[in-house]
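Notes follow once the structure below has been shown.
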Amino acid sequence: MSKTKTSVRVSDLSKRDTQISIGLIGLLFFIFGFVTWVNAILIPFFKIACELNHFESYLVTFAFYIAYLVMALPSGYLLKRIGFKKGMMVGFIIMSVGAFLFVPAGLNRAYPVFLTGLFTLGIGLAILQTAANPYITILGPSDRAAQRFSIMGICNKLAGIIAPALFAAVILKPTDNLMFQQIELMQGLEKEAALDALIARVVHPYAVVGALLAVLALLVRVSPLPEIDTDHEADEVATTNATKKSVLDFPYLVLGAIAIFFHVGSQVIAVDSIVNYATHLGVDFLTAKNFPSYTLTATIVGYLLGISFIPKVLSQITALKICTVLGLLLSALILIVKHPIHAFGQTVDISIWFIVLLGFANSMIWAGVWPLALNNLGRFIKTGASLLIMGLCGNAIMPLLYGYWADHHSLREAYWVLLPCYAYLIFYAFYGHRITSWSSK
């Protein structure tokens, strides 16, 4: 990437500029969360309005997140060519186009067009994520990177709590439980008209989102966010990486990308499946829509504990180990424990609360994996970040596996897909991150 006189190295940033930069990235993570976690409501909403089975409804997550696999490496090359700041602007513009595609999709109840809009949103978000995550790794001491990722995670998950609630408030009505029951009894033109009116509710909200994303592209363009130079390596890092030809020469990075795949896949299953699972167990839809927010709140609690205790009380690698083991334990409990429990004013099966607690288990995994995977990459950091972003396609693939199993077996049994996810994450936390050579020598 060509350098200009306005380029700024991390070492040249003042404490104030660093804090401003982290604050701007925090805003980006809030936006990432807002656009991403609204899928928890879109999945059951589209399932009703577009008459889908479980597998088809989880194409929402597939279309959105498969864009990360398609665009991750091109995003790295784009950032090398035009820089982080302009790359973020391009990402927001692409996301704006994706949001505006919801307008014709909603007016015509065209599920494939909705999926195209989600895919386009995912492309823009892949570019933004590829640019934003390295900032958090670089802007500060490496042993506090998990703290900074926790702060970003809070921004992301707060948006995740607000987005489904706000979206549900806009598109759902208090009488919808009765209407959903009536739609199942309707036939012919009457049913078509009711479903058309239902899906049309998304048109205005996404038109507003599209306009706001276009404005954010302009704000990034005029913001003071510095163009950070990641192409210069410290002498020690340059010597260590002298024989490296590509990011594939870093085993801990490649294994980290796989860890991201399983982490995000398990995380999105916990958040996006809980509404359908709760309604399957007899909870009404308008009550069940709150459970994704409970799950994300549990994640925020984990982030706050991480900010408080890392690295004073425990290291970020220890936090990663604790969370991966807890995730495996909770996943097993979902499958084997069945018992109604009264909590927060409602009586539901305890397995629902185990899913909610997965939010806590997932809290420090992303924050733990990224610093370990990007450690000492030097000039490979942009491409390395792209490889990790490719791992986000786990959000596309794992929910489809869950949906397929749910259709052919049961919604509870489908949670078995979480077991291999957390088993691999345990491997990476305890051993995989220390592998620096593919040779057994």
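We label chains A, B, ... in the order they appear in the structure tokens, count residues from 1 in each chain, and number ligands from 1 in the order shown.
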
### Query
Using only C-alpha atoms, which residues sit within 10 Å of Asp272 of chain A once same-chain residues fewer than 2 positions away are excluded, as a list in words?
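What passes the distance filter is Trp37, Val38, Asn39, Ala40, Ile41, Leu42, Ile43, Pro44, Tyr58, Thr61, Gln267, Val268, Ile269, Ala270, Ile274, Val275, Asn276, Tyr277, Phe291, Pro292, Thr295 and Pro399 of chain A.
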
### Thr175 of chain A environment, 12 Å, only C-alpha atoms, sequence neighbours closer than 5 positions dropped, as a list in words
Phe180, Gln181, Gln182, Asp284, Phe285 and Leu286 of chain A

### Task
Please provide the set of residues having any atom within 9 Å of Gly432 of chain A, restricted to only C-alpha atoms, with same-chain residues fewer than 5 positions apart removed, written as a PyMOL selection string.
chain A and resi 251-252+255-256+425-427

Any chance you can output those residues with C-alpha atoms as a JSON list (two decimals), in the first residue's frame?
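As written to disk, selection06.json reads:
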[["chain", "number", "residue", "atom", "x", "y", "z"],
["A", 251, "PRO", "CA", 0.16, -22.91, 12.11],
["A", 252, "TYR", "CA", -1.21, -21.10, 15.14],
["A", 255, "LEU", "CA", -5.62, -23.24, 13.58],
["A", 256, "GLY", "CA", -6.91, -19.96, 15.02],
["A", 425, "LEU", "CA", -11.83, -24.77, 20.98],
["A", 426, "ILE", "CA", -10.50, -26.58, 24.05],
["A", 427, "PHE", "CA", -7.74, -28.06, 21.86]]

### Message
From the options A:Leu52, A:Val325, A:Val70, A:Leu219, which residue's atoms come nearest to Phe430 of chain A, counting only C-alpha atoms?
### Response
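Of A:Leu52, A:Val325, A:Val70, A:Leu219, the one nearest Phe430 of chain A, counting only C-alpha atoms, is A:Val325.
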
### Query
Leaving out Ile93 of chain A and any residue of its chain fewer than 2 positions from it, which residues lie within 8 Å of it when counting only C-alpha atoms, given as a VMD selection string?
chain A and resid 89 to 91 95 to 97 124 213 to 214 217

Since we have the selection now, will you write its residues out, keeping N, CA and C atoms, as a PDB file, in the first residue's frame?
ATOM      1  N   MET A  89     -14.995   2.950   4.442  1.00  0.00           N
ATOM      2  CA  MET A  89     -16.003   3.718   3.722  1.00  0.00           C
ATOM      3  C   MET A  89     -16.668   2.854   2.652  1.00  0.00           C
ATOM      4  N   VAL A  90     -15.859   2.097   1.908  1.00  0.00           N
ATOM      5  CA  VAL A  90     -16.400   1.193   0.890  1.00  0.00           C
ATOM      6  C   VAL A  90     -17.311   0.150   1.529  1.00  0.00           C
ATOM      7  N   GLY A  91     -16.891  -0.369   2.704  1.00  0.00           N
ATOM      8  CA  GLY A  91     -17.701  -1.363   3.398  1.00  0.00           C
ATOM      9  C   GLY A  91     -19.073  -0.839   3.758  1.00  0.00           C
ATOM     10  N   MET A  95     -22.778  -2.107   2.435  1.00  0.00           N
ATOM     11  CA  MET A  95     -23.836  -2.475   3.382  1.00  0.00           C
ATOM     12  C   MET A  95     -25.114  -1.679   3.128  1.00  0.00           C
ATOM     13  N   SER A  96     -24.966  -0.419   2.765  1.00  0.00           N
ATOM     14  CA  SER A  96     -26.132   0.409   2.468  1.00  0.00           C
ATOM     15  C   SER A  96     -26.926  -0.166   1.299  1.00  0.00           C
ATOM     16  N   VAL A  97     -26.219  -0.605   0.267  1.00  0.00           N
ATOM     17  CA  VAL A  97     -26.887  -1.229  -0.888  1.00  0.00           C
ATOM     18  C   VAL A  97     -27.644  -2.483  -0.443  1.00  0.00           C
ATOM     19  N   GLY A 124     -20.118  -6.151   2.824  1.00  0.00           N
ATOM     20  CA  GLY A 124     -19.667  -4.894   3.406  1.00  0.00           C
ATOM     21  C   GLY A 124     -19.126  -5.079   4.812  1.00  0.00           C
ATOM     22  N   LEU A 213     -26.514   3.902   7.000  1.00  0.00           N
ATOM     23  CA  LEU A 213     -25.224   3.322   6.622  1.00  0.00           C
ATOM     24  C   LEU A 213     -24.507   4.204   5.595  1.00  0.00           C
ATOM     25  N   ALA A 214     -25.263   4.806   4.682  1.00  0.00           N
ATOM     26  CA  ALA A 214     -24.662   5.716   3.701  1.00  0.00           C
ATOM     27  C   ALA A 214     -24.086   6.956   4.395  1.00  0.00           C
ATOM     28  N   ALA A 217     -20.799   6.109   6.051  1.00  0.00           N
ATOM     29  CA  ALA A 217     -19.676   6.072   5.103  1.00  0.00           C
ATOM     30  C   ALA A 217     -19.041   7.451   4.981  1.00  0.00           C
TER      31      ALA A 217
END

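Residue nearest Ser273 of chain A within the list A:Arg379, A:Tyr135, A:Ala288, A:Met186: A:Ala288 [criterion: smallest interatomic distance, only C-alpha atoms].
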
### Task
Using DSSP on the backbone, list every residue of segment 215-419 of chain A that comes out as helix (DSSP H, G or I), and give them as JSON, numbers by chain.
{"A": [215, 216, 217, 218, 219, 220, 221, 222, 235, 236, 237, 238, 239, 240, 247, 248, 249, 251, 252, 253, 254, 255, 256, 257, 258, 259, 260, 261, 262, 263, 264, 265, 266, 267, 268, 269, 270, 271, 272, 274, 275, 276, 277, 278, 279, 280, 285, 286, 287, 288, 291, 292, 293, 294, 295, 296, 297, 298, 299, 300, 301, 302, 303, 304, 305, 306, 307, 308, 309, 316, 317, 318, 319, 320, 321, 322, 323, 324, 325, 326, 327, 328, 329, 330, 331, 332, 333, 334, 335, 336, 350, 351, 352, 353, 354, 355, 356, 357, 358, 359, 360, 361, 362, 365, 366, 367, 368, 369, 370, 371, 372, 373, 374, 378, 379, 380, 381, 382, 383, 384, 385, 386, 387, 388, 389, 390, 391, 392, 393, 394, 395, 396, 397, 398, 399, 400, 401, 402, 403, 404, 405, 406, 407, 408, 413, 414, 415, 416, 417, 418, 419]}

#### Entry: Near-segment 301-316 of chain A list (6 Å; only C-alpha atoms; drop same-chain fewer than 4 positions) as a list of chain:residue names
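Counting only the stated atoms, we get A:Gln147, A:Ser150, A:Phe360, A:Ser363, A:Gly368.
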
### Residue among A:Ala429, A:Val203, A:Leu24, A:Leu59 lying closest to Ser223 of chain A, counting only C-alpha atoms
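Ranking A:Ala429, A:Val203, A:Leu24, A:Leu59 by distance to Ser223 of chain A, first place goes to A:Leu24.
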